[in-house]
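Structure first, then comments.
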Amino acid sequence: MSAPALPEFSYTTSATGTDWLVIGLTEAGLVGLPTDLAKAFEKTYGRDAATLARELGARPKAGRTTTLPAVSGTRLLVTGLGDADPTPEKLRTIAGDTVRALVGLADEGETVGVTFALDISEPEIARAVAEGALLGSYTYRPVSGSEPKTARIGSVRVLFDGPKSLAAEVTALVDAVLTAREWINIPPNLLYPETLAEAATDYLRGTKVKVEVLDDRQLADQGYGGLTAVGGGSSRGPRLVRMTWSPRGAKKRLALVGKGITFDSGGLNLKPGDSMLTMKSDMSGAAAVITTMKAIAEAGLRVQVTAYAALAENLPSASSYRPSDVLTIYGGTTVENMNTDAEGRLVMADALARANEDDPDLVIDIATLTGACIVALGTRVAGVMATSDEVAQQILDAAESSGESFWQLPIPEEIDEALASQVADVRSTTGSRWGGALAAAAFLHRFVDGERDWAHLDIAGPSFNEGSPYGYTAAGGTGFGVRTMVEVARQLAG
Ligand code: BES
Ligand code: ZN
Ligand code: ZN
């Protein structure tokens, strides 16, 4: 289970030696065309690049691209920048759209090198353009013997004179997001709890993150009743991956918990066929926490982090758990299971209960938890539910600066009360159709002890793009959540 190949990437001060040079266009004119190329252009074509671009129909509309004739062996692509002063997130989107346009312009099977010349002076902008271009370069390459037909981006350069460390930071972050996407896209007959746990171990080898894997027997012996029940219907048993990053000088402790259902059929409460088709993506939260750990370690963030990936496959069989079963979660809380398709909260309960033992200052859990969250917020916005508005704001701020979109939802007391059970400490759903995302959050909160700060991220919508690619978002797995969690860790590291 290898990680996807990242284009070669660097910041550079030279616009030569690239197949394509991308320059910008605003209402005010062209942005970033190096003076020597501008001169050579005028000499070759008898008018300046801005004039010809206009004649060829180039417009400043964000993401609109226009090809100019080549100069000194470099092909020029003009990309609209929209406003004169686009935000980092706008630029991420424009850079993503631009590399995808380039892939469309290239020949089948070609490997393309691209350099962005956008007259960048701020590191924040340099970072955004690189992230957008690199993330936008990714497509999942299908499992097949034949060579891929589409062109691929082989190298990305961004003209910017800044600190060396920036390129390494961007590379680490992008590698994490793209690896999460790749794991999400791998079909579930190939990626299941055991193989995802192996992939996590391989991925983190060579870093200072310690990885421990509990297998199905250890989970059962140690009382992880959620993972054991949910994973019990599959011949491919559950796993709990625990990852620890303990840098010197860390003052704060963070715990991350990810839902890792490698395929969610619904179990005995079987999903209709159509709803099952995308359920290989039900491990997106786990993928995000694993890859986030590597990005945190590579950046050397001075915050102590423990992460848990709760892995199971939810299938119906003679050994499946049932609606009305009573399960004992790690730590002893009993749960009346209402519906085997509400499996995510059960595996998350085990992992959250275990995470308390690390005594974290903040717990973040991330899960493709409810269809109800998609009904509420659509497919591109994730829900955040937290122990306080301050904690929610911490997530919203980190998300804002990393370019991910979240919206806060409440955890109303009456919904928590509706989780009362006649036969166990709590039941897994309220039994009502309404407020499903909030009920799931209320349930999870029961497994975070005391007054501990906690945020629950429901990424059911934005984790998987069922439509066409847009901006820097590919079709399929998106790697949503990685950028926000790395940013929260960065804030905690101070
Ligand atoms: N994995 C699903 C949630 C989901 C749905 C994610 C669509 C992405 C797209 C989850 O396990 C589930 O099935 N939840 C149920 C809960 C219900 C039975 C209380 C749901 O949302 O319908
Ligand atoms: Zn389910
Ligand atoms: Zn699920």
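Each chain in the structure tokens gets a letter, A, B, ..., in the order shown, and its residues are numbered from 1; ligands are numbered from 1 in order too.
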Test item: residues lying within 8 Å of ligand 2 with only C-alpha atoms and all ligand atoms, as a PyMOL selection string: chain A and resi 264-267+271+314+340-344+369-370
For those residues, write C-alpha atoms to a file as a PDB file, in the first residue's frame.
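Saved to again05.pdb:
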```pdb
ATOM      1  CA  ASP A 264     -19.646   0.291   5.874  1.00  0.00           C
ATOM      2  CA  SER A 265     -22.351  -1.976   4.480  1.00  0.00           C
ATOM      3  CA  GLY A 266     -24.606  -1.021   7.388  1.00  0.00           C
ATOM      4  CA  GLY A 267     -24.295  -4.524   8.839  1.00  0.00           C
ATOM      5  CA  LYS A 271     -27.726  -0.009   3.524  1.00  0.00           C
ATOM      6  CA  ASN A 314     -18.978  -3.413   9.101  1.00  0.00           C
ATOM      7  CA  THR A 340     -25.819  -1.663  13.254  1.00  0.00           C
ATOM      8  CA  ASP A 341     -25.423   1.146  10.701  1.00  0.00           C
ATOM      9  CA  ALA A 342     -24.611   3.531  13.573  1.00  0.00           C
ATOM     10  CA  GLU A 343     -21.325   1.630  13.937  1.00  0.00           C
ATOM     11  CA  GLY A 344     -18.949   4.579  13.802  1.00  0.00           C
ATOM     12  CA  LEU A 369     -20.270   9.871  11.200  1.00  0.00           C
ATOM     13  CA  THR A 370     -23.730  10.833   9.954  1.00  0.00           C
TER      14      THR A 370
END
```
Nearby polymer residues, ligand 1, at most 8 Å, only C-alpha atoms and all ligand atoms, as an MDAnalysis selection string: chainID A and resid 261 264 266 271 275 278:279 281:282 339:345 368:374 428:429 431 433 436:437 440 459:461 463:464
Residues near range 188-194 of chain A, cut-off 7 Å, only C-alpha atoms, skip fewer than 2 positions along chain, as a PDB file with all heavy atoms, in the first residue's frame:
```pdb
ATOM      1  N   ILE A 186      -8.368   3.560  -2.314  1.00  0.00           N
ATOM      2  CA  ILE A 186      -8.054   2.139  -2.517  1.00  0.00           C
ATOM      3  C   ILE A 186      -9.299   1.301  -2.206  1.00  0.00           C
ATOM      4  O   ILE A 186      -9.960   1.505  -1.188  1.00  0.00           O
ATOM      5  CB  ILE A 186      -6.856   1.712  -1.640  1.00  0.00           C
ATOM      6  CG1 ILE A 186      -5.591   2.443  -2.125  1.00  0.00           C
ATOM      7  CG2 ILE A 186      -6.652   0.198  -1.681  1.00  0.00           C
ATOM      8  CD1 ILE A 186      -4.386   2.249  -1.237  1.00  0.00           C
ATOM      9  N   LEU A 196      -4.649  -1.549   6.476  1.00  0.00           N
ATOM     10  CA  LEU A 196      -4.526  -0.118   6.788  1.00  0.00           C
ATOM     11  C   LEU A 196      -3.586   0.081   7.983  1.00  0.00           C
ATOM     12  O   LEU A 196      -2.776   1.016   7.997  1.00  0.00           O
ATOM     13  CB  LEU A 196      -5.903   0.518   7.040  1.00  0.00           C
ATOM     14  CG  LEU A 196      -5.909   2.015   7.380  1.00  0.00           C
ATOM     15  CD1 LEU A 196      -5.099   2.851   6.377  1.00  0.00           C
ATOM     16  CD2 LEU A 196      -7.337   2.560   7.451  1.00  0.00           C
ATOM     17  N   ALA A 197      -3.677  -0.819   8.954  1.00  0.00           N
ATOM     18  CA  ALA A 197      -2.757  -0.727  10.103  1.00  0.00           C
ATOM     19  C   ALA A 197      -1.309  -0.906   9.631  1.00  0.00           C
ATOM     20  O   ALA A 197      -0.403  -0.208  10.096  1.00  0.00           O
ATOM     21  CB  ALA A 197      -3.110  -1.779  11.155  1.00  0.00           C
ATOM     22  N   GLU A 198      -1.102  -1.815   8.677  1.00  0.00           N
ATOM     23  CA  GLU A 198       0.247  -2.010   8.113  1.00  0.00           C
ATOM     24  C   GLU A 198       0.693  -0.769   7.350  1.00  0.00           C
ATOM     25  O   GLU A 198       1.853  -0.348   7.443  1.00  0.00           O
ATOM     26  CB  GLU A 198       0.257  -3.197   7.138  1.00  0.00           C
ATOM     27  CG  GLU A 198       0.306  -4.545   7.835  1.00  0.00           C
ATOM     28  CD  GLU A 198      -0.024  -5.712   6.869  1.00  0.00           C
ATOM     29  OE1 GLU A 198      -0.087  -5.479   5.631  1.00  0.00           O
ATOM     30  OE2 GLU A 198      -0.229  -6.817   7.381  1.00  0.00           O
ATOM     31  N   ARG A 236     -12.291 -10.199   8.279  1.00  0.00           N
ATOM     32  CA  ARG A 236     -11.118  -9.338   8.464  1.00  0.00           C
ATOM     33  C   ARG A 236     -11.300  -8.531   9.738  1.00  0.00           C
ATOM     34  O   ARG A 236     -12.049  -7.556   9.765  1.00  0.00           O
ATOM     35  CB  ARG A 236     -10.973  -8.429   7.252  1.00  0.00           C
ATOM     36  CG  ARG A 236     -10.440  -9.219   6.094  1.00  0.00           C
ATOM     37  CD  ARG A 236     -10.870  -8.749   4.767  1.00  0.00           C
ATOM     38  NE  ARG A 236     -10.090  -9.462   3.747  1.00  0.00           N
ATOM     39  CZ  ARG A 236     -10.115  -9.188   2.475  1.00  0.00           C
ATOM     40  NH1 ARG A 236     -10.884  -8.220   2.027  1.00  0.00           N
ATOM     41  NH2 ARG A 236      -9.381  -9.864   1.636  1.00  0.00           N
ATOM     42  N   GLY A 237     -10.633  -8.968  10.802  1.00  0.00           N
ATOM     43  CA  GLY A 237     -10.892  -8.454  12.148  1.00  0.00           C
ATOM     44  C   GLY A 237     -10.467  -7.006  12.353  1.00  0.00           C
ATOM     45  O   GLY A 237      -9.708  -6.445  11.565  1.00  0.00           O
ATOM     46  N   PRO A 238     -10.982  -6.396  13.429  1.00  0.00           N
ATOM     47  CA  PRO A 238     -10.700  -4.991  13.737  1.00  0.00           C
ATOM     48  C   PRO A 238      -9.269  -4.787  14.252  1.00  0.00           C
ATOM     49  O   PRO A 238      -8.617  -5.735  14.680  1.00  0.00           O
ATOM     50  CB  PRO A 238     -11.711  -4.672  14.832  1.00  0.00           C
ATOM     51  CG  PRO A 238     -11.957  -5.978  15.516  1.00  0.00           C
ATOM     52  CD  PRO A 238     -11.858  -7.023  14.435  1.00  0.00           C
ATOM     53  N   ARG A 239      -8.836  -3.552  14.216  1.00  0.00           N
ATOM     54  CA  ARG A 239      -7.531  -3.156  14.753  1.00  0.00           C
ATOM     55  C   ARG A 239      -7.687  -1.802  15.433  1.00  0.00           C
ATOM     56  O   ARG A 239      -8.526  -0.994  15.026  1.00  0.00           O
ATOM     57  CB  ARG A 239      -6.493  -2.990  13.627  1.00  0.00           C
ATOM     58  CG  ARG A 239      -6.159  -4.250  12.837  1.00  0.00           C
ATOM     59  CD  ARG A 239      -5.330  -5.230  13.648  1.00  0.00           C
ATOM     60  NE  ARG A 239      -4.909  -6.393  12.870  1.00  0.00           N
ATOM     61  CZ  ARG A 239      -5.640  -7.489  12.681  1.00  0.00           C
ATOM     62  NH1 ARG A 239      -6.859  -7.577  13.193  1.00  0.00           N
ATOM     63  NH2 ARG A 239      -5.154  -8.500  11.982  1.00  0.00           N
ATOM     64  N   THR A 262     -13.428   0.502   7.234  1.00  0.00           N
ATOM     65  CA  THR A 262     -12.843   0.348   5.894  1.00  0.00           C
ATOM     66  C   THR A 262     -13.909   0.038   4.845  1.00  0.00           C
ATOM     67  O   THR A 262     -13.701   0.266   3.663  1.00  0.00           O
ATOM     68  CB  THR A 262     -11.749  -0.736   5.881  1.00  0.00           C
ATOM     69  OG1 THR A 262     -12.324  -1.965   6.346  1.00  0.00           O
ATOM     70  CG2 THR A 262     -10.592  -0.339   6.794  1.00  0.00           C
ATOM     71  N   PHE A 263     -15.045  -0.481   5.306  1.00  0.00           N
ATOM     72  CA  PHE A 263     -16.241  -0.553   4.449  1.00  0.00           C
ATOM     73  C   PHE A 263     -17.456  -0.623   5.351  1.00  0.00           C
ATOM     74  O   PHE A 263     -17.508  -1.435   6.280  1.00  0.00           O
ATOM     75  CB  PHE A 263     -16.216  -1.766   3.508  1.00  0.00           C
ATOM     76  CG  PHE A 263     -17.382  -1.750   2.561  1.00  0.00           C
ATOM     77  CD1 PHE A 263     -17.459  -0.815   1.533  1.00  0.00           C
ATOM     78  CD2 PHE A 263     -18.435  -2.651   2.717  1.00  0.00           C
ATOM     79  CE1 PHE A 263     -18.554  -0.769   0.672  1.00  0.00           C
ATOM     80  CE2 PHE A 263     -19.523  -2.622   1.856  1.00  0.00           C
ATOM     81  CZ  PHE A 263     -19.587  -1.676   0.837  1.00  0.00           C
ATOM     82  N   LYS A 280     -16.412   2.830   1.013  1.00  0.00           N
ATOM     83  CA  LYS A 280     -14.979   2.589   1.250  1.00  0.00           C
ATOM     84  C   LYS A 280     -14.351   3.822   1.885  1.00  0.00           C
ATOM     85  O   LYS A 280     -13.253   3.756   2.430  1.00  0.00           O
ATOM     86  CB  LYS A 280     -14.267   2.231  -0.067  1.00  0.00           C
ATOM     87  CG  LYS A 280     -14.219   3.386  -1.069  1.00  0.00           C
ATOM     88  CD  LYS A 280     -13.379   3.046  -2.293  1.00  0.00           C
ATOM     89  CE  LYS A 280     -13.319   4.240  -3.257  1.00  0.00           C
ATOM     90  NZ  LYS A 280     -12.484   3.962  -4.436  1.00  0.00           N
ATOM     91  N   LEU A 311     -10.175   0.879  13.639  1.00  0.00           N
ATOM     92  CA  LEU A 311     -10.391   0.238  12.339  1.00  0.00           C
ATOM     93  C   LEU A 311     -11.266  -1.013  12.443  1.00  0.00           C
ATOM     94  O   LEU A 311     -11.011  -1.906  13.245  1.00  0.00           O
ATOM     95  CB  LEU A 311      -9.038  -0.160  11.736  1.00  0.00           C
ATOM     96  CG  LEU A 311      -7.940   0.914  11.724  1.00  0.00           C
ATOM     97  CD1 LEU A 311      -6.655   0.354  11.103  1.00  0.00           C
ATOM     98  CD2 LEU A 311      -8.398   2.150  10.968  1.00  0.00           C
ATOM     99  N   ALA A 312     -12.290  -1.065  11.600  1.00  0.00           N
ATOM    100  CA  ALA A 312     -13.147  -2.256  11.539  1.00  0.00           C
ATOM    101  C   ALA A 312     -13.881  -2.252  10.208  1.00  0.00           C
ATOM    102  O   ALA A 312     -14.008  -1.206   9.558  1.00  0.00           O
ATOM    103  CB  ALA A 312     -14.160  -2.251  12.688  1.00  0.00           C
ATOM    104  N   GLU A 313     -14.358  -3.442   9.816  1.00  0.00           N
ATOM    105  CA  GLU A 313     -15.203  -3.533   8.631  1.00  0.00           C
ATOM    106  C   GLU A 313     -16.599  -3.926   9.090  1.00  0.00           C
ATOM    107  O   GLU A 313     -16.746  -4.881   9.853  1.00  0.00           O
ATOM    108  CB  GLU A 313     -14.641  -4.555   7.647  1.00  0.00           C
ATOM    109  CG  GLU A 313     -15.448  -4.612   6.356  1.00  0.00           C
ATOM    110  CD  GLU A 313     -14.846  -5.526   5.304  1.00  0.00           C
ATOM    111  OE1 GLU A 313     -14.342  -6.611   5.675  1.00  0.00           O
ATOM    112  OE2 GLU A 313     -14.903  -5.181   4.121  1.00  0.00           O
TER     113      GLU A 313
END
```
Polymer residues at most 12 Å from range 56-64 of chain A, only C-alpha atoms, same-chain spacing of 4 or more positions, as a ChimeraX atom specification: /A:22-31,49-52,68-69,77-87,89-102,132,470-472
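When only C-alpha atoms are used to measure the gap to Val230 in chain A, the shortest distance among A:Thr291, A:Ser165, A:Thr201, A:Ser320 belongs to A:Ser320.
Listed by chain and then by rising number, the residues of range 320-403 of chain A that DSSP assigns to strand (DSSP E or B) from the backbone are Val326, Leu327, Thr328, Thr334, Val335, Glu336, Leu362, Val363, Ile364, Asp365, Ile366, Ala367, Ala382, Gly383, Val384, Met385 and Ala386 of chain A.
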Could the residues in this selection be saved with N, CA and C atoms as a compact mmCIF listing (two decimals), in the first residue's frame?
```
# COMPACT_ATOMS: atom_id res chain seq x y z
N VAL A 326 -26.41 -5.47 23.76
CA VAL A 326 -25.80 -4.53 24.71
C VAL A 326 -24.29 -4.79 24.74
N LEU A 327 -23.53 -3.75 24.45
CA LEU A 327 -22.07 -3.85 24.33
C LEU A 327 -21.41 -3.15 25.50
N THR A 328 -20.25 -3.64 25.88
CA THR A 328 -19.48 -2.94 26.91
C THR A 328 -18.27 -2.28 26.26
N THR A 334 -21.87 0.67 29.32
CA THR A 334 -22.64 -0.26 28.47
C THR A 334 -23.53 0.53 27.51
N VAL A 335 -23.66 -0.01 26.29
CA VAL A 335 -24.42 0.66 25.23
C VAL A 335 -25.46 -0.28 24.65
N GLU A 336 -26.69 0.18 24.59
CA GLU A 336 -27.73 -0.56 23.88
C GLU A 336 -27.63 -0.18 22.40
N LEU A 362 -6.64 18.57 25.06
CA LEU A 362 -7.69 18.70 24.04
C LEU A 362 -7.81 17.39 23.30
N VAL A 363 -9.05 16.95 23.10
CA VAL A 363 -9.32 15.76 22.28
C VAL A 363 -10.05 16.22 21.02
N ILE A 364 -9.56 15.78 19.87
CA ILE A 364 -10.28 16.04 18.62
C ILE A 364 -10.62 14.68 18.02
N ASP A 365 -11.91 14.46 17.74
CA ASP A 365 -12.23 13.25 16.99
C ASP A 365 -12.76 13.64 15.63
N ILE A 366 -12.50 12.79 14.66
CA ILE A 366 -12.86 13.09 13.27
C ILE A 366 -13.45 11.85 12.63
N ALA A 367 -14.65 12.00 12.06
CA ALA A 367 -15.38 10.82 11.62
C ALA A 367 -16.38 11.15 10.51
N ALA A 382 -17.96 20.70 6.78
CA ALA A 382 -17.98 19.72 7.88
C ALA A 382 -18.62 20.35 9.10
N GLY A 383 -19.17 19.52 9.98
CA GLY A 383 -19.74 19.99 11.23
C GLY A 383 -18.69 19.95 12.33
N VAL A 384 -18.74 20.94 13.24
CA VAL A 384 -17.90 20.86 14.43
C VAL A 384 -18.79 21.04 15.65
N MET A 385 -18.70 20.10 16.59
CA MET A 385 -19.46 20.16 17.83
C MET A 385 -18.44 20.05 18.97
N ALA A 386 -18.56 20.89 19.97
CA ALA A 386 -17.49 20.95 20.96
C ALA A 386 -18.03 21.19 22.36
```
DSSP alpha helix (DSSP H) residues within range 180-318 of chain A, as an NGL selection string: :A and (180-185 or 193-204 or 216-221 or 225-231 or 273-276 or 284-299)
Counting only C-alpha atoms, the residue of A:Gly109, A:Pro360, A:Gly225, A:Pro187 that sits nearest Gly154 in chain A: A:Gly109
From A:Ala424, A:Leu134, A:Ala5, A:Met276, residue lying nearest ligand 3 [only C-alpha atoms and all ligand atoms]: A:Met276
Near-Ser10 in chain A list (12 Å; only C-alpha atoms; drop same-chain fewer than 4 positions) as a ChimeraX atom specification: /A:6,14,113-116,126-127,129-131,133-134,155-171
Can you write out the residues you just picked, keeping N, CA and C atoms, as a PDB file, in the first residue's frame?
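File written: part23.pdb
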```
ATOM      1  N   LEU A   6       4.445  12.118  -5.217  1.00  0.00           N
ATOM      2  CA  LEU A   6       4.272  13.567  -5.164  1.00  0.00           C
ATOM      3  C   LEU A   6       5.085  14.175  -6.310  1.00  0.00           C
ATOM      4  N   SER A  14      14.384  31.133 -10.432  1.00  0.00           N
ATOM      5  CA  SER A  14      14.642  31.120 -11.873  1.00  0.00           C
ATOM      6  C   SER A  14      13.459  30.525 -12.642  1.00  0.00           C
ATOM      7  N   GLY A 113       6.267  19.595 -16.425  1.00  0.00           N
ATOM      8  CA  GLY A 113       6.854  20.444 -15.376  1.00  0.00           C
ATOM      9  C   GLY A 113       6.237  21.832 -15.458  1.00  0.00           C
ATOM     10  N   VAL A 114       5.849  22.366 -14.314  1.00  0.00           N
ATOM     11  CA  VAL A 114       5.198  23.684 -14.327  1.00  0.00           C
ATOM     12  C   VAL A 114       5.835  24.607 -13.290  1.00  0.00           C
ATOM     13  N   THR A 115       5.996  25.859 -13.679  1.00  0.00           N
ATOM     14  CA  THR A 115       6.509  26.871 -12.755  1.00  0.00           C
ATOM     15  C   THR A 115       5.500  28.010 -12.667  1.00  0.00           C
ATOM     16  N   PHE A 116       5.162  28.385 -11.432  1.00  0.00           N
ATOM     17  CA  PHE A 116       4.246  29.508 -11.219  1.00  0.00           C
ATOM     18  C   PHE A 116       5.047  30.780 -10.999  1.00  0.00           C
ATOM     19  N   ALA A 126       2.894  32.232  -1.029  1.00  0.00           N
ATOM     20  CA  ALA A 126       3.780  31.223  -1.638  1.00  0.00           C
ATOM     21  C   ALA A 126       3.340  29.826  -1.221  1.00  0.00           C
ATOM     22  N   ARG A 127       2.955  29.709   0.043  1.00  0.00           N
ATOM     23  CA  ARG A 127       2.485  28.440   0.584  1.00  0.00           C
ATOM     24  C   ARG A 127       1.178  28.011  -0.096  1.00  0.00           C
ATOM     25  N   VAL A 129      -0.142  28.887  -3.044  1.00  0.00           N
ATOM     26  CA  VAL A 129      -0.008  28.540  -4.460  1.00  0.00           C
ATOM     27  C   VAL A 129       0.588  27.139  -4.593  1.00  0.00           C
ATOM     28  N   ALA A 130       1.601  26.862  -3.789  1.00  0.00           N
ATOM     29  CA  ALA A 130       2.238  25.540  -3.853  1.00  0.00           C
ATOM     30  C   ALA A 130       1.265  24.448  -3.420  1.00  0.00           C
ATOM     31  N   GLU A 131       0.559  24.683  -2.328  1.00  0.00           N
ATOM     32  CA  GLU A 131      -0.403  23.678  -1.853  1.00  0.00           C
ATOM     33  C   GLU A 131      -1.460  23.400  -2.915  1.00  0.00           C
ATOM     34  N   ALA A 133      -1.363  23.881  -6.153  1.00  0.00           N
ATOM     35  CA  ALA A 133      -0.815  23.212  -7.341  1.00  0.00           C
ATOM     36  C   ALA A 133      -0.527  21.741  -7.051  1.00  0.00           C
ATOM     37  N   LEU A 134       0.072  21.474  -5.903  1.00  0.00           N
ATOM     38  CA  LEU A 134       0.437  20.087  -5.588  1.00  0.00           C
ATOM     39  C   LEU A 134      -0.801  19.230  -5.309  1.00  0.00           C
ATOM     40  N   SER A 155       6.642  17.943 -12.020  1.00  0.00           N
ATOM     41  CA  SER A 155       7.297  18.875 -11.101  1.00  0.00           C
ATOM     42  C   SER A 155       6.525  20.185 -11.009  1.00  0.00           C
ATOM     43  N   VAL A 156       6.554  20.746  -9.811  1.00  0.00           N
ATOM     44  CA  VAL A 156       5.927  22.035  -9.547  1.00  0.00           C
ATOM     45  C   VAL A 156       6.998  22.953  -8.957  1.00  0.00           C
ATOM     46  N   ARG A 157       7.151  24.133  -9.537  1.00  0.00           N
ATOM     47  CA  ARG A 157       8.031  25.142  -8.930  1.00  0.00           C
ATOM     48  C   ARG A 157       7.230  26.418  -8.756  1.00  0.00           C
ATOM     49  N   VAL A 158       7.591  27.141  -7.735  1.00  0.00           N
ATOM     50  CA  VAL A 158       6.932  28.419  -7.486  1.00  0.00           C
ATOM     51  C   VAL A 158       8.025  29.470  -7.313  1.00  0.00           C
ATOM     52  N   LEU A 159       7.937  30.522  -8.114  1.00  0.00           N
ATOM     53  CA  LEU A 159       8.926  31.597  -8.004  1.00  0.00           C
ATOM     54  C   LEU A 159       8.694  32.358  -6.714  1.00  0.00           C
ATOM     55  N   PHE A 160       9.643  32.232  -5.795  1.00  0.00           N
ATOM     56  CA  PHE A 160       9.530  32.900  -4.494  1.00  0.00           C
ATOM     57  C   PHE A 160      10.876  32.826  -3.806  1.00  0.00           C
ATOM     58  N   ASP A 161      11.271  33.943  -3.259  1.00  0.00           N
ATOM     59  CA  ASP A 161      12.557  34.016  -2.578  1.00  0.00           C
ATOM     60  C   ASP A 161      12.270  34.029  -1.083  1.00  0.00           C
ATOM     61  N   GLY A 162      12.322  32.852  -0.461  1.00  0.00           N
ATOM     62  CA  GLY A 162      11.972  32.790   0.960  1.00  0.00           C
ATOM     63  C   GLY A 162      12.766  31.723   1.675  1.00  0.00           C
ATOM     64  N   PRO A 163      12.419  31.460   2.931  1.00  0.00           N
ATOM     65  CA  PRO A 163      13.184  30.486   3.719  1.00  0.00           C
ATOM     66  C   PRO A 163      13.060  29.064   3.163  1.00  0.00           C
ATOM     67  N   LYS A 164      14.154  28.336   3.229  1.00  0.00           N
ATOM     68  CA  LYS A 164      14.231  26.945   2.742  1.00  0.00           C
ATOM     69  C   LYS A 164      13.189  26.046   3.405  1.00  0.00           C
ATOM     70  N   SER A 165      12.956  26.318   4.706  1.00  0.00           N
ATOM     71  CA  SER A 165      12.095  25.447   5.489  1.00  0.00           C
ATOM     72  C   SER A 165      10.658  25.404   4.946  1.00  0.00           C
ATOM     73  N   LEU A 166      10.260  26.449   4.225  1.00  0.00           N
ATOM     74  CA  LEU A 166       8.876  26.520   3.754  1.00  0.00           C
ATOM     75  C   LEU A 166       8.541  25.370   2.812  1.00  0.00           C
ATOM     76  N   ALA A 167       9.463  25.081   1.893  1.00  0.00           N
ATOM     77  CA  ALA A 167       9.208  24.005   0.924  1.00  0.00           C
ATOM     78  C   ALA A 167       9.043  22.666   1.651  1.00  0.00           C
ATOM     79  N   ALA A 168       9.864  22.441   2.670  1.00  0.00           N
ATOM     80  CA  ALA A 168       9.783  21.182   3.420  1.00  0.00           C
ATOM     81  C   ALA A 168       8.447  21.081   4.149  1.00  0.00           C
ATOM     82  N   GLU A 169       8.002  22.196   4.717  1.00  0.00           N
ATOM     83  CA  GLU A 169       6.713  22.216   5.414  1.00  0.00           C
ATOM     84  C   GLU A 169       5.554  21.914   4.473  1.00  0.00           C
ATOM     85  N   VAL A 170       5.586  22.576   3.311  1.00  0.00           N
ATOM     86  CA  VAL A 170       4.517  22.362   2.330  1.00  0.00           C
ATOM     87  C   VAL A 170       4.526  20.914   1.865  1.00  0.00           C
ATOM     88  N   THR A 171       5.711  20.396   1.573  1.00  0.00           N
ATOM     89  CA  THR A 171       5.819  19.015   1.103  1.00  0.00           C
ATOM     90  C   THR A 171       5.239  18.048   2.132  1.00  0.00           C
TER      91      THR A 171
END
```
Write out as CSV a residue-level contact list of range 159-184 of chain A versus range 295-299 of chain A with cut-off 8 Å: for each qualifying residue the closest pair of atoms and the distance in Å to one decimal, counting only C-alpha atoms, rows sorted by chain and residue number upward.
```
residue,atom,partner,partner_atom,distance
A:Glu169,CA,A:Ala299,CA,6.2
A:Ala172,CA,A:Ala295,CA,5.3
A:Leu173,CA,A:Ala295,CA,5.5
A:Asp175,CA,A:Ala295,CA,8.0
A:Ala176,CA,A:Ala295,CA,6.1
```
Dump all heavy atoms for the selected residues as a PDB file, in the first residue's frame?
```
ATOM      1  N   GLU A 169       8.002  22.196   4.717  1.00  0.00           N
ATOM      2  CA  GLU A 169       6.713  22.216   5.414  1.00  0.00           C
ATOM      3  C   GLU A 169       5.554  21.914   4.473  1.00  0.00           C
ATOM      4  O   GLU A 169       4.657  21.124   4.792  1.00  0.00           O
ATOM      5  CB  GLU A 169       6.474  23.603   6.015  1.00  0.00           C
ATOM      6  CG  GLU A 169       6.813  23.726   7.471  1.00  0.00           C
ATOM      7  CD  GLU A 169       6.587  25.149   7.937  1.00  0.00           C
ATOM      8  OE1 GLU A 169       5.449  25.645   7.827  1.00  0.00           O
ATOM      9  OE2 GLU A 169       7.572  25.769   8.384  1.00  0.00           O
ATOM     10  N   ALA A 172       5.571  18.273   3.407  1.00  0.00           N
ATOM     11  CA  ALA A 172       5.074  17.368   4.459  1.00  0.00           C
ATOM     12  C   ALA A 172       3.552  17.409   4.543  1.00  0.00           C
ATOM     13  O   ALA A 172       2.891  16.376   4.652  1.00  0.00           O
ATOM     14  CB  ALA A 172       5.692  17.747   5.803  1.00  0.00           C
ATOM     15  N   LEU A 173       2.992  18.615   4.468  1.00  0.00           N
ATOM     16  CA  LEU A 173       1.539  18.745   4.579  1.00  0.00           C
ATOM     17  C   LEU A 173       0.826  18.102   3.381  1.00  0.00           C
ATOM     18  O   LEU A 173      -0.133  17.346   3.538  1.00  0.00           O
ATOM     19  CB  LEU A 173       1.144  20.226   4.706  1.00  0.00           C
ATOM     20  CG  LEU A 173      -0.336  20.463   4.984  1.00  0.00           C
ATOM     21  CD1 LEU A 173      -0.722  19.890   6.331  1.00  0.00           C
ATOM     22  CD2 LEU A 173      -0.672  21.951   4.935  1.00  0.00           C
ATOM     23  N   ASP A 175       1.992  15.840   1.323  1.00  0.00           N
ATOM     24  CA  ASP A 175       2.182  14.391   1.351  1.00  0.00           C
ATOM     25  C   ASP A 175       1.135  13.734   2.261  1.00  0.00           C
ATOM     26  O   ASP A 175       0.564  12.697   1.925  1.00  0.00           O
ATOM     27  CB  ASP A 175       3.595  14.059   1.839  1.00  0.00           C
ATOM     28  CG  ASP A 175       3.840  12.557   1.828  1.00  0.00           C
ATOM     29  OD1 ASP A 175       4.137  12.026   0.750  1.00  0.00           O
ATOM     30  OD2 ASP A 175       3.703  11.923   2.889  1.00  0.00           O
ATOM     31  N   ALA A 176       0.870  14.368   3.396  1.00  0.00           N
ATOM     32  CA  ALA A 176      -0.121  13.822   4.331  1.00  0.00           C
ATOM     33  C   ALA A 176      -1.515  13.810   3.700  1.00  0.00           C
ATOM     34  O   ALA A 176      -2.214  12.796   3.727  1.00  0.00           O
ATOM     35  CB  ALA A 176      -0.124  14.635   5.624  1.00  0.00           C
TER      36      ALA A 176
END
```
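Nearest to ligand 3 of all the residues A:Met243, A:Ala117, A:Leu270, A:Ala255 is A:Leu270, based on only C-alpha atoms and all ligand atoms.
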